[in-house]
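Engineer: Next up, final-v7.txt (compact mmCIF, C-alpha atoms and all ligand atoms).
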```txt
# COMPACT_ATOMS: atom_id res chain seq x y z
CA MET A 1028 116.49 135.18 37.37
CA GLN A 1029 118.96 136.61 34.84
CA PRO A 1030 122.20 137.65 36.53
CA ILE A 1031 123.01 141.38 36.58
CA LYS A 1032 125.82 141.97 34.10
CA SER A 1033 127.06 145.47 34.82
CA ILE A 1034 126.46 148.56 36.93
CA LYS A 1035 124.16 149.90 34.20
CA ASP A 1036 122.11 146.74 34.54
CA ILE A 1037 121.31 147.24 38.28
CA PRO A 1038 117.55 147.85 38.74
CA GLU A 1039 116.62 151.53 39.03
CA LEU A 1040 114.57 150.88 42.12
CA ASP A 1041 114.97 153.57 44.78
CA LEU A 1042 113.60 152.41 48.13
CA PHE A 1043 116.11 154.31 50.21
CA THR A 1044 116.14 158.11 50.36
CA GLY A 1045 118.69 160.59 51.68
CA GLY A 1046 118.37 162.69 54.81
CA SER A 1047 119.28 160.04 57.40
CA SER A 1048 121.66 160.85 60.23
CA VAL A 1049 124.42 158.30 59.48
CA CYS A 1050 127.89 159.68 58.68
CA ALA A 1051 128.77 161.15 55.28
CA GLY A 1052 130.03 158.40 52.98
CA CYS A 1053 128.72 155.59 55.24
CA GLY A 1054 129.57 152.21 53.66
CA PRO A 1055 126.98 150.12 55.56
CA SER A 1056 124.13 152.44 54.57
CA MET A 1057 125.33 152.32 50.95
CA GLY A 1058 125.16 148.54 51.23
CA LEU A 1059 121.54 148.65 52.34
CA LYS A 1060 120.63 151.15 49.63
CA LEU A 1061 122.08 148.76 47.02
CA ALA A 1062 120.55 145.65 48.58
CA LEU A 1063 117.04 147.12 48.39
CA LYS A 1064 117.42 147.45 44.63
CA VAL A 1065 117.20 143.68 44.28
CA LEU A 1066 115.21 142.87 47.41
CA GLY A 1067 112.36 145.13 46.30
CA PRO A 1068 109.40 146.61 48.20
CA LYS A 1069 108.17 143.30 49.59
CA THR A 1070 110.89 143.19 52.19
CA VAL A 1071 111.10 143.41 55.96
CA ILE A 1072 114.45 144.33 57.47
CA ILE A 1073 115.34 143.19 60.98
CA ASN A 1074 118.10 145.39 62.38
CA SER A 1075 120.11 144.73 65.53
CA ALA A 1076 121.06 147.80 67.57
CA GLY A 1077 124.05 149.47 65.93
CA CYS A 1078 124.90 152.28 63.54
CA MET A 1079 122.09 151.39 61.11
CA THR A 1080 119.58 151.90 63.91
CA LEU A 1081 120.09 155.61 63.16
CA LEU A 1082 118.50 155.24 59.73
CA PRO A 1083 114.84 155.41 60.79
CA LEU A 1084 115.00 158.02 63.53
CA PHE A 1085 111.57 159.21 64.57
CA PRO A 1086 109.86 161.18 63.05
CA ASN A 1087 111.86 160.54 59.84
CA THR A 1088 112.82 157.45 57.89
CA PRO A 1089 114.78 157.02 54.67
CA LEU A 1090 113.16 153.62 54.15
CA LYS A 1091 110.29 152.63 51.93
CA VAL A 1092 110.20 149.07 53.29
CA SER A 1093 109.26 147.62 56.68
CA TRP A 1094 111.83 147.72 59.43
CA ILE A 1095 112.05 146.11 62.87
CA HIS A 1096 114.37 147.66 65.47
CA ASN A 1097 115.74 144.71 67.39
CA ALA A 1098 118.00 143.96 70.34
CA ILE A 1099 121.57 143.02 69.47
CA GLU A 1100 121.25 139.48 70.78
CA ASN A 1101 118.55 137.98 68.62
CA ALA A 1102 118.00 139.58 65.22
CA ALA A 1103 118.21 136.15 63.56
CA THR A 1104 115.55 134.55 65.75
CA THR A 1105 113.28 137.61 65.37
CA ALA A 1106 113.66 137.09 61.64
CA ALA A 1107 112.70 133.42 61.96
CA GLY A 1108 109.60 134.52 63.90
CA ALA A 1109 108.73 137.12 61.25
CA ARG A 1110 109.17 134.44 58.56
CA HIS A 1111 106.79 132.02 60.26
CA GLY A 1112 104.25 134.78 60.95
CA LEU A 1113 104.32 136.03 57.35
CA ASP A 1114 104.07 132.49 55.98
CA ALA A 1115 101.06 131.77 58.23
CA LEU A 1116 99.35 134.93 56.98
CA GLY A 1117 100.02 133.94 53.38
CA PHE A 1118 102.77 136.49 52.64
CA LYS A 1119 105.18 133.87 51.33
CA ASP A 1120 106.62 136.29 48.76
CA MET A 1121 107.99 138.69 51.39
CA ASN A 1122 111.76 138.72 51.87
CA VAL A 1123 112.84 138.54 55.50
CA VAL A 1124 116.28 140.11 55.78
CA VAL A 1125 118.55 140.73 58.75
CA TYR A 1126 120.91 143.72 58.51
CA ALA A 1127 123.29 143.46 61.44
CA GLY A 1128 126.75 144.68 62.40
CA ASP A 1129 129.71 142.44 63.14
CA GLY A 1130 129.40 142.99 66.90
CA ALA A 1131 125.87 141.62 66.73
CA THR A 1132 126.84 138.85 64.33
CA TYR A 1133 130.23 137.54 65.47
CA ASP A 1134 129.76 138.19 69.18
CA ILE A 1135 126.53 139.14 70.92
CA GLY A 1136 124.00 137.54 68.55
CA PHE A 1137 126.02 134.51 67.49
CA ALA A 1138 123.92 131.96 69.39
CA SER A 1139 120.70 133.11 67.75
CA LEU A 1140 122.38 133.29 64.33
CA SER A 1141 123.74 129.77 64.66
CA SER A 1142 120.42 128.25 65.72
CA THR A 1143 118.50 130.02 62.94
CA ALA A 1144 121.04 128.87 60.36
CA ILE A 1145 121.04 125.27 61.55
CA LYS A 1146 117.25 125.20 61.29
CA ASN A 1147 117.67 126.50 57.75
CA GLU A 1148 114.95 129.15 58.19
CA ARG A 1149 114.11 131.04 54.98
CA VAL A 1150 115.95 134.23 55.99
CA ILE A 1151 118.68 136.29 54.32
CA TYR A 1152 121.23 137.40 56.90
CA ILE A 1153 123.45 140.29 55.80
CA CYS A 1154 126.26 141.22 58.14
CA TYR A 1155 127.73 144.66 57.39
CA ASN A 1156 131.16 144.19 58.83
CA ASN A 1157 132.74 147.49 59.89
CA GLN A 1158 135.14 145.45 62.01
CA SER A 1159 134.10 147.14 65.26
CA TYR A 1160 131.33 148.11 67.64
CA GLY A 1161 130.87 151.27 65.58
CA ASN A 1162 127.88 152.89 67.18
CA THR A 1163 129.35 152.93 70.68
CA GLY A 1164 132.58 154.54 69.49
CA PHE A 1165 134.72 151.88 67.73
CA GLN A 1166 135.53 149.14 70.19
CA CYS A 1167 137.13 145.82 69.22
CA THR A 1168 134.96 142.86 68.16
CA THR A 1169 136.09 139.38 67.17
CA ALA A 1170 135.89 140.63 63.56
CA THR A 1171 138.50 143.36 64.12
CA PRO A 1172 141.65 142.57 62.12
CA TYR A 1173 145.04 142.04 63.68
CA GLY A 1174 146.95 145.32 63.99
CA SER A 1175 143.93 147.62 64.00
CA GLU A 1176 143.71 150.29 66.66
CA THR A 1177 140.33 150.55 68.41
CA LYS A 1178 139.07 152.22 71.60
CA THR A 1179 139.63 149.03 73.55
CA THR A 1180 142.90 148.09 71.80
CA PRO A 1181 144.86 151.34 71.78
CA ARG A 1182 148.36 151.39 70.33
CA GLY A 1183 150.98 152.31 72.91
CA LYS A 1184 154.49 151.67 74.15
CA GLU A 1185 153.53 148.40 75.83
CA ASN A 1186 151.44 147.18 72.94
CA PRO A 1187 152.44 148.74 69.61
CA ILE A 1188 150.22 146.31 67.64
CA GLY A 1189 146.79 147.47 68.81
CA ASN A 1190 144.50 144.49 68.33
CA THR A 1191 146.58 141.33 68.81
CA ASN A 1192 143.69 138.89 68.23
CA ILE A 1193 143.29 137.14 64.91
CA HIS A 1194 139.71 137.64 63.76
CA LYS A 1195 137.18 134.81 63.54
CA ASP A 1196 136.89 133.00 60.21
CA MET A 1197 133.15 133.64 60.13
CA LEU A 1198 132.48 132.32 56.64
CA LYS A 1199 133.98 128.97 57.53
CA LEU A 1200 131.91 128.93 60.73
CA MET A 1201 128.73 129.63 58.78
CA GLY A 1202 129.80 127.15 56.11
CA VAL A 1203 129.69 124.29 58.62
CA HIS A 1204 126.01 125.12 59.11
CA ARG A 1205 125.66 123.92 55.49
CA VAL A 1206 123.96 127.12 54.34
CA TYR A 1207 124.78 129.40 51.40
CA CYS A 1208 127.50 131.85 52.51
CA ALA A 1209 129.27 134.59 50.59
CA THR A 1210 131.46 137.64 51.07
CA ALA A 1211 130.78 140.89 49.22
CA SER A 1212 132.33 144.31 48.70
CA LEU A 1213 130.87 147.72 47.86
CA ALA A 1214 133.46 148.05 45.13
CA TYR A 1215 131.91 145.04 43.35
CA PRO A 1216 128.18 145.87 43.52
CA VAL A 1217 127.25 143.56 40.64
CA ASP A 1218 128.81 140.59 42.43
CA PHE A 1219 127.09 141.62 45.70
CA LEU A 1220 123.64 141.97 44.15
CA ASN A 1221 123.91 138.72 42.19
CA LYS A 1222 124.74 136.95 45.44
CA LEU A 1223 121.68 138.53 47.04
CA ASN A 1224 119.54 137.37 44.14
CA LYS A 1225 120.89 133.87 44.65
CA ALA A 1226 120.03 134.08 48.36
CA LYS A 1227 116.55 135.35 47.52
CA GLU A 1228 115.83 132.27 45.44
CA ARG A 1229 116.94 129.87 48.17
CA ASN A 1230 114.38 128.01 50.15
CA GLY A 1231 116.48 128.33 53.26
CA PHE A 1232 118.98 130.37 55.21
CA SER A 1233 121.75 132.39 53.55
CA TYR A 1234 124.54 134.43 55.03
CA ILE A 1235 126.15 137.31 53.15
CA GLU A 1236 128.93 139.31 54.67
CA LEU A 1237 129.60 142.75 53.25
CA LEU A 1238 132.73 144.68 54.15
CA GLY A 1239 131.16 147.76 55.77
CA THR A 1240 133.88 150.26 54.93
CA CYS A 1241 133.64 152.92 57.66
CA ALA A 1242 135.35 156.29 57.17
CA THR A 1243 134.69 157.47 60.73
CA GLY A 1244 135.99 154.43 62.60
CA TRP A 1245 138.75 153.44 60.19
CA ASN A 1246 139.79 157.06 60.08
CA PHE A 1247 140.03 158.03 56.42
CA ASP A 1248 138.51 160.67 54.12
CA PRO A 1249 135.03 159.34 53.15
CA ARG A 1250 135.78 159.98 49.46
CA TYR A 1251 137.95 156.83 49.55
CA THR A 1252 135.14 154.49 50.67
CA ILE A 1253 135.06 152.64 47.34
CA LYS A 1254 138.79 152.86 46.72
CA ILE A 1255 139.45 151.21 50.10
CA SER A 1256 136.73 148.60 49.54
CA ARG A 1257 138.39 147.72 46.22
CA LEU A 1258 141.88 147.60 47.71
CA ALA A 1259 140.65 145.29 50.49
CA VAL A 1260 139.76 142.76 47.78
CA ARG A 1261 142.90 143.36 45.69
CA CYS A 1262 145.18 142.94 48.73
CA GLY A 1263 143.50 139.74 49.89
CA MET A 1264 142.29 141.36 53.13
CA TRP A 1265 138.71 140.77 51.93
CA PRO A 1266 138.62 138.00 49.31
CA LEU A 1267 135.34 137.51 47.44
CA TYR A 1268 134.15 133.90 47.65
CA GLU A 1269 131.14 131.71 48.30
CA ILE A 1270 130.56 128.47 50.16
CA ASP A 1271 127.61 126.56 48.81
CA ASP A 1272 126.76 123.10 50.04
CA ARG A 1273 130.19 123.08 51.72
CA LYS A 1274 131.97 123.72 48.39
CA LEU A 1275 134.12 126.80 47.91
CA SER A 1276 134.26 129.08 44.87
CA LEU A 1277 136.54 132.07 44.59
CA ASN A 1278 134.69 134.84 42.76
CA LYS A 1279 137.62 137.16 42.08
CA GLU A 1280 140.91 135.53 41.30
CA PHE A 1281 144.18 137.40 40.99
CA LYS A 1282 147.55 136.09 39.83
CA GLN A 1283 149.21 138.28 42.39
CA LEU A 1284 147.81 140.14 45.38
CA LYS A 1285 148.77 143.74 46.05
CA PRO A 1286 150.80 144.22 49.25
CA VAL A 1287 148.56 144.85 52.28
CA ASP A 1288 150.60 147.93 53.09
CA GLU A 1289 148.89 149.75 50.22
CA TYR A 1290 145.54 149.18 51.99
CA LEU A 1291 146.85 149.98 55.48
CA GLN A 1292 148.50 153.26 54.43
CA LEU A 1293 145.15 154.85 53.64
CA GLN A 1294 143.64 154.30 57.09
CA GLY A 1295 144.32 156.05 60.39
CA ARG A 1296 143.50 152.91 62.38
CA TYR A 1297 146.72 151.28 61.12
CA LYS A 1298 148.86 154.39 61.50
CA GLN A 1299 152.15 153.55 63.22
CA LEU A 1300 151.63 149.80 63.01
CA PRO A 1301 155.28 148.70 63.29
CA PRO A 1302 156.91 146.80 60.38
CA ASP A 1303 156.79 143.45 62.19
CA GLY A 1304 153.02 143.96 62.64
CA VAL A 1305 152.63 144.61 58.91
CA THR A 1306 154.71 141.50 58.14
CA LYS A 1307 152.56 139.37 60.44
CA LEU A 1308 149.36 140.72 58.88
CA GLN A 1309 150.75 140.02 55.39
CA SER A 1310 151.57 136.44 56.38
CA LEU A 1311 148.04 135.93 57.76
CA VAL A 1312 146.59 137.21 54.47
CA ASN A 1313 148.92 135.01 52.42
CA GLU A 1314 148.00 131.97 54.46
CA HIS A 1315 144.25 132.59 54.01
CA TRP A 1316 144.65 133.29 50.29
CA ALA A 1317 146.67 130.10 49.77
CA GLN A 1318 144.00 128.11 51.62
CA LEU A 1319 141.20 129.59 49.48
CA ASN A 1320 143.12 128.83 46.29
CA GLU A 1321 143.87 125.29 47.42
CA PHE A 1322 140.20 124.55 48.11
CA ASN A 1323 138.73 126.52 45.20
CA ALA A 1324 136.00 124.41 43.52
CA LYS A 1325 136.48 121.72 46.18
CA ARG A 1326 134.80 120.76 49.42
CA TYR A 1327 135.96 123.34 51.97
CA VAL A 1328 134.17 122.65 55.25
CA MET B 893 92.93 164.06 64.39
CA ARG B 894 95.42 166.56 63.02
CA GLU B 895 98.37 165.03 61.18
CA GLU B 896 100.89 166.28 63.73
CA GLU B 897 98.89 164.80 66.57
CA LEU B 898 98.64 161.47 64.77
CA ILE B 899 102.39 161.35 64.20
CA TYR B 900 103.46 162.22 67.76
CA LYS B 901 100.63 160.81 69.86
CA GLY B 902 100.18 157.99 67.42
CA ILE B 903 97.72 155.18 67.41
CA HIS B 904 97.10 153.75 70.91
CA GLY B 905 99.96 155.96 72.08
CA ILE B 906 102.44 154.46 69.60
CA PRO B 907 103.91 157.21 67.36
CA VAL B 908 103.66 156.58 63.63
CA ILE B 909 105.52 157.80 60.56
CA LEU B 910 102.86 158.41 57.93
CA GLU B 911 105.09 158.72 54.90
CA PRO B 912 107.79 156.13 54.09
CA GLY B 913 110.96 157.88 52.92
CA ASN B 914 110.07 161.24 54.50
CA ALA B 915 113.74 161.71 55.46
CA ALA B 916 114.21 162.90 51.86
CA ARG B 917 112.97 166.29 53.05
CA VAL B 918 115.50 166.57 55.87
CA ASP B 919 118.09 169.21 54.98
CA ARG B 920 121.66 167.90 55.41
CA SER B 921 123.33 170.67 53.43
CA SER B 922 124.97 172.15 56.54
CA TRP B 923 127.08 168.95 56.83
CA ARG B 924 128.95 169.86 53.64
CA LEU B 925 132.33 171.54 53.39
CA VAL B 926 132.54 170.79 49.68
CA ARG B 927 129.89 170.12 47.05
CA PRO B 928 129.86 168.08 43.84
CA VAL B 929 129.37 169.98 40.57
CA TYR B 930 128.17 168.14 37.46
CA ASN B 931 129.38 168.87 33.95
CA LYS B 932 127.15 167.20 31.37
CA ASP B 933 129.65 167.61 28.51
CA LYS B 934 132.10 165.22 30.15
CA CYS B 935 129.55 162.64 31.32
CA ILE B 936 129.59 159.17 29.71
CA MET B 937 126.31 158.11 31.45
CA CYS B 938 127.99 155.19 33.27
CA LYS B 939 125.72 155.45 36.37
CA ILE B 940 128.65 155.02 38.76
CA CYS B 941 127.83 158.17 40.75
CA TYR B 942 124.16 157.18 41.02
CA THR B 943 125.09 153.67 42.19
CA TYR B 944 127.57 154.76 44.82
CA CYS B 945 125.96 157.83 46.40
CA PRO B 946 125.30 156.55 49.94
CA ASP B 947 122.66 159.19 50.59
CA SER B 948 120.62 158.73 47.42
CA ALA B 949 121.39 162.37 46.64
CA ILE B 950 121.83 161.50 42.97
CA THR B 951 118.77 160.49 40.99
CA TRP B 952 119.00 158.99 37.54
CA THR B 953 117.12 160.58 34.65
CA LYS B 954 117.20 160.18 30.87
CA GLU B 955 119.51 163.20 30.76
CA GLY B 956 121.88 161.69 33.33
CA PRO B 957 122.53 162.25 37.05
CA VAL B 958 120.76 165.01 38.98
CA ILE B 959 122.28 166.06 42.31
CA ASN B 960 119.96 166.92 45.17
CA LEU B 961 121.82 169.38 47.39
CA THR B 962 119.32 168.97 50.24
CA SER B 963 120.43 165.36 50.84
CA CYS B 964 124.07 165.60 49.72
CA LYS B 965 126.47 165.42 52.67
CA GLY B 966 129.56 166.22 50.56
CA CYS B 967 131.30 162.85 50.98
CA MET B 968 132.90 163.25 47.50
CA ILE B 969 132.52 159.56 46.62
CA CYS B 970 130.85 160.57 43.33
CA VAL B 971 133.74 162.91 42.50
CA GLU B 972 136.36 160.30 43.39
CA GLU B 973 134.69 157.46 41.47
CA CYS B 974 133.52 159.32 38.34
CA PRO B 975 135.72 157.87 35.55
CA THR B 976 135.79 161.20 33.70
CA ASP B 977 135.91 164.66 35.27
CA ALA B 978 132.15 165.09 34.94
CA MET B 979 131.85 165.39 38.72
CA SER B 980 134.14 167.94 40.31
CA GLU B 981 134.58 169.42 43.73
CA GLU B 982 133.80 172.96 44.81
CA LYS B 983 134.27 174.56 48.25
CA GLU B 984 131.11 175.65 50.01
CA ALA B 985 130.96 179.30 50.88
CA SER B 986 131.38 179.28 54.67
C1 LIG C 1401 123.38 143.36 74.87
C2 LIG C 1401 123.79 144.73 74.50
N1 LIG C 1401 125.05 145.13 74.78
C3 LIG C 1401 125.47 146.36 74.43
C4 LIG C 1401 124.62 147.22 73.79
C5 LIG C 1401 125.10 148.61 73.42
N2 LIG C 1401 125.30 148.78 72.00
C6 LIG C 1401 124.43 149.46 71.23
S1 LIG C 1401 124.92 149.58 69.62
C7 LIG C 1401 126.32 148.70 69.94
C8 LIG C 1401 127.34 148.43 68.86
C9 LIG C 1401 126.93 147.33 67.94
O1 LIG C 1401 128.00 146.99 67.13
P1 LIG C 1401 127.78 146.26 65.75
O2 LIG C 1401 126.79 145.18 65.88
O3 LIG C 1401 129.12 145.90 65.20
O4 LIG C 1401 127.12 147.38 64.82
P2 LIG C 1401 127.73 148.81 64.46
O5 LIG C 1401 127.48 149.71 65.63
O6 LIG C 1401 129.16 148.64 64.16
O7 LIG C 1401 126.93 149.25 63.28
C10 LIG C 1401 126.39 148.33 71.29
C11 LIG C 1401 127.51 147.58 71.90
C12 LIG C 1401 123.30 146.79 73.50
N3 LIG C 1401 122.44 147.55 72.84
N4 LIG C 1401 122.91 145.54 73.86
S1 LIG C 1402 129.15 164.11 47.46
FE1 LIG C 1402 128.47 162.14 48.38
S2 LIG C 1402 126.41 162.58 49.15
FE2 LIG C 1402 126.90 164.22 47.69
S3 LIG C 1402 126.07 163.52 45.72
FE3 LIG C 1402 128.24 162.87 45.80
S4 LIG C 1402 128.19 160.76 46.60
FE4 LIG C 1402 126.18 161.72 47.07
S1 LIG C 1403 130.02 158.80 37.28
FE1 LIG C 1403 130.55 160.59 36.03
S2 LIG C 1403 130.45 159.86 33.92
FE2 LIG C 1403 129.36 158.35 35.17
S3 LIG C 1403 127.20 158.99 35.08
FE3 LIG C 1403 128.09 159.94 36.92
S4 LIG C 1403 128.77 161.97 36.21
FE4 LIG C 1403 128.41 160.74 34.38
```
Could you write out this file's structure as structure tokens?
Ligand SMILES: Cc1ncc(C[n+]2csc(CCOP(=O)(O)OP(=O)(O)O)c2C)c(N)n1
Ligand code: SF4
Ligand code: SF4

Structural biologist:
Amino acid sequence: MQPIKSIKDIPELDLFTGGSSVCAGCGPSMGLKLALKVLGPKTVIINSAGCMTLLPLFPNTPLKVSWIHNAIENAATTAAGARHGLDALGFKDMNVVVYAGDGATYDIGFASLSSTAIKNERVIYICYNNQSYGNTGFQCTTATPYGSETKTTPRGKENPIGNTNIHKDMLKLMGVHRVYCATASLAYPVDFLNKLNKAKERNGFSYIELLGTCATGWNFDPRYTIKISRLAVRCGMWPLYEIDDRKLSLNKEFKQLKPVDEYLQLQGRYKQLPPDGVTKLQSLVNEHWAQLNEFNAKRYV
Amino acid sequence: MREEELIYKGIHGIPVILEPGNAARVDRSSWRLVRPVYNKDKCIMCKICYTYCPDSAITWTKEGPVINLTSCKGCMICVEECPTDAMSEEKEAS
């Protein structure tokens, strides 16, 4: 398939309507709307319980493709089952796609994700990472960045940092499963959709992680959804890269990263993060960025 | 069976949605505090607003973007991302 070259080049395929009950400016739902443009009508989405479960809400649905509401624990294995069932019935051209939050992916459904990946089932797994358990009111997951305030990691006198954990390096973890893995951002839709096209052509498992910029949880004006998604990449908080056959490629390279403070300033969840917290977060970003640059075009995992 | 009965009582007691994408008719206009206003003269037909509208409230036509104020939730992403001033913001009458 020819790669998509620009925004104008993205297929004008509308399989996702308005009228759903997700928040105004919702990044994860924008991600799904874009994904369906390349996935096409022959797609079944398996969704773990989370914010996106609100999309098809009886008796209305914004979707023009099939959808399976699933438990949090096992979206990946449900997808493997759907794959085998469709193959047996002769529907080999259907795309089986998981659309799951980071709580479902990093934490509660990790066992099922890992086993499905290791078996290299022909499934595309998209994690929309809003860095929290969004649907239950913004609690901390193992994807929540250091320094972010959440319901379960409130900032206070005793703990001015908020979340003191350093998030899981999920791409590396998925990379060791020897499957195609990539990060994506809403601010770079061409890059995101080309990665999806790549995944679609694979005869095996692929894992794509989209930063699910979330105005409600991250506490910013929804108009800045794209601006913040772009800054996350420019500051090195969300680098765009792929791991294919254990080799790393950086997709967006910058001579110099912008300071993370520029990204943090725009979001209420980092409000009042003390200077030493910002310094620590910057050093974590620098360390990750240096590692990615060191291993660019080399074996990474 | 009447359509309503089919939807709610469903087949074998399982409710069904008969029309994929029927949420397009759900009116979300009361969510808005501000609305986007389109000015064709300033538009460079870049498709950015159409690409980024999370609620598919912008359709793409040969003449450019068309805003559907039934679906628009007033997030202002289109206004913020439009590279010219073709999309601008207007307060809703309360
Ligand atoms: C095993 C289990 N634990 C808890 C819940 C309650 N629950 C429903 S949605 C949700 C949040 C899921 O978070 P995530 O996967 O990150 O998706 P998001 O809500 O952020 O879209 C939780 C904890 C559940 N459904 N199942
Ligand atoms: S304000 Fe938001 S919902 Fe309304 S048309 Fe613009 S991008 Fe779409
Ligand atoms: S983003 Fe602005 S310039 Fe581009 S198509 Fe939409 S209205 Fe026109």

Engineer: Each residue of chain A lying at most 8 Å from chain B should get a row with its shortest atom-to-atom pair and the distance in Å to one decimal, counting all atoms listed in the file; could you produce that, ordered by chain and increasing number, as a Markdown table?

Structural biologist:
```
| residue | atom | partner | partner_atom | distance |
| --- | --- | --- | --- | --- |
| A:Ile1034 | CA | B:Lys939 | CA | 7.0 |
| A:Lys1035 | CA | B:Lys939 | CA | 6.2 |
| A:Glu1039 | CA | B:Trp952 | CA | 8.0 |
| A:Leu1042 | CA | B:Gly913 | CA | 7.7 |
| A:Phe1043 | CA | B:Gly913 | CA | 6.8 |
| A:Thr1044 | CA | B:Ala916 | CA | 5.4 |
| A:Gly1045 | CA | B:Asp947 | CA | 4.3 |
| A:Gly1046 | CA | B:Ala915 | CA | 4.8 |
| A:Ser1047 | CA | B:Ala915 | CA | 6.1 |
| A:Ala1051 | CA | B:Cys967 | CA | 5.3 |
| A:Gly1052 | CA | B:Cys967 | CA | 5.0 |
| A:Cys1053 | CA | B:Pro946 | CA | 6.4 |
| A:Gly1054 | CA | B:Pro946 | CA | 7.1 |
| A:Ser1056 | CA | B:Pro946 | CA | 6.3 |
| A:Met1057 | CA | B:Pro946 | CA | 4.3 |
| A:Lys1060 | CA | B:Pro946 | CA | 7.1 |
| A:Leu1061 | CA | B:Thr943 | CA | 7.5 |
| A:Phe1085 | CA | B:Ile909 | CA | 7.4 |
| A:Pro1086 | CA | B:Ile909 | CA | 6.0 |
| A:Asn1087 | CA | B:Ala915 | CA | 4.9 |
| A:Thr1088 | CA | B:Ala915 | CA | 5.0 |
| A:Pro1089 | CA | B:Gly913 | CA | 4.3 |
| A:Leu1090 | CA | B:Gly913 | CA | 4.9 |
| A:Lys1091 | CA | B:Pro912 | CA | 4.8 |
| A:Val1092 | CA | B:Pro912 | CA | 7.5 |
| A:Pro1249 | CA | B:Cys967 | CA | 5.6 |
| A:Arg1250 | CA | B:Ile969 | CA | 4.3 |
| A:Tyr1251 | CA | B:Ile969 | CA | 6.7 |
| A:Thr1252 | CA | B:Ile969 | CA | 7.0 |
| A:Ile1253 | CA | B:Ile969 | CA | 7.4 |
```

Engineer: What residues have an atom no more than 12 Å from (126.2, 128.3, 62.8) in the file's own frame, counting all atoms listed in the file, and can you write them as JSON, numbers by chain?

Structural biologist: {"A": [1103, 1132, 1133, 1136, 1137, 1138, 1139, 1140, 1141, 1142, 1143, 1144, 1145, 1146, 1147, 1152, 1196, 1197, 1198, 1199, 1200, 1201, 1202, 1203, 1204, 1205, 1206, 1207, 1208, 1232, 1233, 1234]}

Engineer: Contacts of Lys1282 (chain A) at 12 Å or less, counting only C-alpha atoms, minus same-chain residues fewer than 5 places along, as a ChimeraX atom specification?

Structural biologist: /A:1261-1263,1316-1317,1320

Engineer: Take the residues from that selection and write them out as a PDB file, in the coordinates of the input, keeping C-alpha atoms.

Structural biologist:
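Once everything was written out, this is part27.pdb:
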```pdb
ATOM      1  CA  ARG A1261     142.900 143.360  45.690  1.00  0.00           C
ATOM      2  CA  CYS A1262     145.180 142.940  48.730  1.00  0.00           C
ATOM      3  CA  GLY A1263     143.500 139.740  49.890  1.00  0.00           C
ATOM      4  CA  TRP A1316     144.650 133.290  50.290  1.00  0.00           C
ATOM      5  CA  ALA A1317     146.670 130.100  49.770  1.00  0.00           C
ATOM      6  CA  ASN A1320     143.120 128.830  46.290  1.00  0.00           C
TER       7      ASN A1320
END
```

Engineer: Considering only C-alpha atoms and all ligand atoms, tabulate each residue of chain A that lies at most 9 Å from ligand LIG 1401 (chain C) along with its nearest interatomic pair and the corresponding distance in Å to one decimal; arrange the rows by chain and ascending residue number and present them as CSV.

Structural biologist:
```
residue,atom,partner,partner_atom,distance
A:Pro1055,CA,C:LIG1401,O7,7.8
A:Ser1075,CA,C:LIG1401,O2,6.7
A:Ala1076,CA,C:LIG1401,S1,4.7
A:Gly1077,CA,C:LIG1401,O5,3.5
A:Cys1078,CA,C:LIG1401,O7,3.7
A:Met1079,CA,C:LIG1401,O7,5.7
A:Thr1080,CA,C:LIG1401,O7,7.8
A:Ala1098,CA,C:LIG1401,N3,6.2
A:Ile1099,CA,C:LIG1401,N4,5.2
A:Glu1100,CA,C:LIG1401,C1,6.0
A:Ala1127,CA,C:LIG1401,O2,5.9
A:Gly1128,CA,C:LIG1401,O2,3.5
A:Asp1129,CA,C:LIG1401,O3,4.1
A:Gly1130,CA,C:LIG1401,O3,3.4
A:Ala1131,CA,C:LIG1401,O2,3.8
A:Thr1132,CA,C:LIG1401,O2,6.5
A:Tyr1133,CA,C:LIG1401,O2,8.4
A:Asp1134,CA,C:LIG1401,O2,8.3
A:Ile1135,CA,C:LIG1401,C1,6.6
A:Gly1136,CA,C:LIG1401,O2,8.6
A:Cys1154,CA,C:LIG1401,O2,8.7
A:Tyr1155,CA,C:LIG1401,O7,7.5
A:Asn1156,CA,C:LIG1401,O3,6.9
A:Asn1157,CA,C:LIG1401,O6,5.7
A:Gln1158,CA,C:LIG1401,O3,6.8
A:Ser1159,CA,C:LIG1401,O3,5.1
A:Tyr1160,CA,C:LIG1401,O1,3.6
A:Gly1161,CA,C:LIG1401,O6,3.4
A:Asn1162,CA,C:LIG1401,O5,3.6
A:Thr1163,CA,C:LIG1401,C8,5.3
A:Gly1164,CA,C:LIG1401,O5,8.0
A:Phe1165,CA,C:LIG1401,O6,7.4
A:Gln1166,CA,C:LIG1401,C8,8.3
A:Cys1167,CA,C:LIG1401,O3,9.0
A:Thr1168,CA,C:LIG1401,O3,7.2
A:Ala1170,CA,C:LIG1401,O3,8.7
A:Gly1239,CA,C:LIG1401,O6,8.7
A:Cys1241,CA,C:LIG1401,O6,9.0
```

Engineer: Just give me the gap between CA of Ile1153 (chain A) and CA of Val1217 (chain A) in Å, one decimal is fine.

Structural biologist: 16.0 Å

Engineer: Taking into account only C-alpha atoms and all ligand atoms, which residue in the set B:Lys932, B:Ser986, B:Leu961, B:Gly956 is nearest to ligand LIG 1402 (chain C)?

Structural biologist: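 Distance minimum relative to ligand LIG 1402 (chain C) lands on B:Leu961.
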
Engineer: Between A:His1096, A:Ile1151, A:Val1123, A:Val1312, which has the minimum distance to Gly1108 (chain A) (counting only C-alpha atoms)?

Structural biologist: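 Going through A:His1096, A:Ile1151, A:Val1123, A:Val1312 one by one, the smallest distance to Gly1108 (chain A) is for A:Val1123.
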